[in-house]
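Okay, so here's the structure we're looking at.
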Amino acid sequence: MIRSRFPYKSLSLLALVAIAVALVLTRPAPPPAAGEPPPLRVRVATVAQEDVTPLERVSGRLQAARQSRLRFEVGGQVERRRVEPGMQVGAGQPLLELDAADLRAAVTEARAGFSQEQTQIERDRRLLVLARDNVALQRDEVRRLESLSARELGSASQLDAARGQLLQLEAELARLQAGVDTAEARLALRRTALERAERDLARSVLKAPFAGVVNAVALETGDYVTPGGEAVTLVDPTALDFYAELRGEVARALAPGQAVTVEVDGRMLEGRILALQAEPDETTFTHAVRVRLDGAHASPGELAMAAFPLRRREAARLIPVTAVLRDEGRSYVFRVTDGRLERLPVELGLRLDSRYIVRTGPAAGQVIVARDVAALSDGQPVEIVGD
């Protein structure tokens, strides 16, 4: 029985050997050893060195250089509305009118009081002359009676009566003199009251202080007006102002009267700096600037872009904006040296349209990758395909 099993074991062993040989022969080929990737094709630029005058571009809206929010100085009811928004008006043209019946009555009353005071002053002056004459006559009469009484030719009662009448005449003289002395002051009070009433009557008509365009009318016929309430907004579109707030570096490079280019709807207009804030705002640390433009080629409310020239930079190094890689708050560029990339930190200055001024970094004339830098790495082999 033992001999009968031997062939089966031999066959099993041979089968296992055959399977092992088959596995060795059919095993997959090992992967090729990893080699260096082919060079990446990049476009490059040369670090330029130029004398440049940077421009600070600031956007904003144009507004009328002269704008007035008109208000009534007296109260009353609107009787007539003469203008509508958008109307062109001339200087002194009536815009709104109030019911002025009470104001006209006040003028009539003040004028009558002034005339009455004038008449009373003239009367007092004439009476003063007469009173002086009467006092002089009465004094003579008193002296005559005193002389007669001294010689016992006149009665004491007549002398006392004459003295009493003299006192009355002197009191009247003093009253008239005081009236004449204060005549100018009383007349000035009456004149002031009349002038105030006349001014109030004139203020019942709201007039345009300058020629311009009515921008808004806040009142309708029949509305009651209180003094100080806004009534009409008037603008002068012949001159426009561009207002902006600038950084200190920009403000220090500017001066009043300096020319500034302002772009409005594709049109390049020339303006001049009208006002420039010397001390910065305490909250924003910016300087307010106002640029005056001719209103012939633009309108209030339009969007505008002003270009303010900064301090001239001589021999400034310039690189393309697309050459800068931002990584963890820092900026880098890739310099190409002997077909390989070298990542260099760079400190950027002002941006000039599509280029940056370099403060520290690659030197002028060195070759850097111009664009598509996000996927690049330090030491990577590259092939230059163009400048």
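Numbering starts fresh at 1 for the residues of each chain in the structure tokens, the chains themselves are lettered A, B, ... in the order given, and ligands are numbered from 1 as they appear.
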
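The residue set within 6 Å of Val235 (chain A), counting only C-alpha atoms and dropping same-chain residues fewer than 6 places from it, reads A:Arg66, A:Gln67, A:Gly212, A:Val213.
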
Where in region 264-370 of chain A does DSSP assign strand (DSSP E or B), given as an NGL selection string? :A and (264 or 267-276 or 287-294 or 303-309 or 313-320 or 325-327 or 330-337 or 340-345 or 347-352 or 355-360 or 367-369)

Restricting the calculation to only C-alpha atoms: of A:Asp294, A:Glu302, A:Glu97, A:Asp223, which residue gets closest to Leu201 (chain A)? A:Glu97

Select, from A:Asp265, A:Glu230, A:Glu170, A:Glu109, the residue with the minimum atom-to-atom distance to Leu128 (chain A), counting only C-alpha atoms. A:Glu170

Using only C-alpha atoms, determine which residues lie at most 8 Å from Ile121 (chain A), disregarding the query and same-chain residues fewer than 6 positions distant; provide the list as a PyMOL selection string. chain A and resi 179-180+183
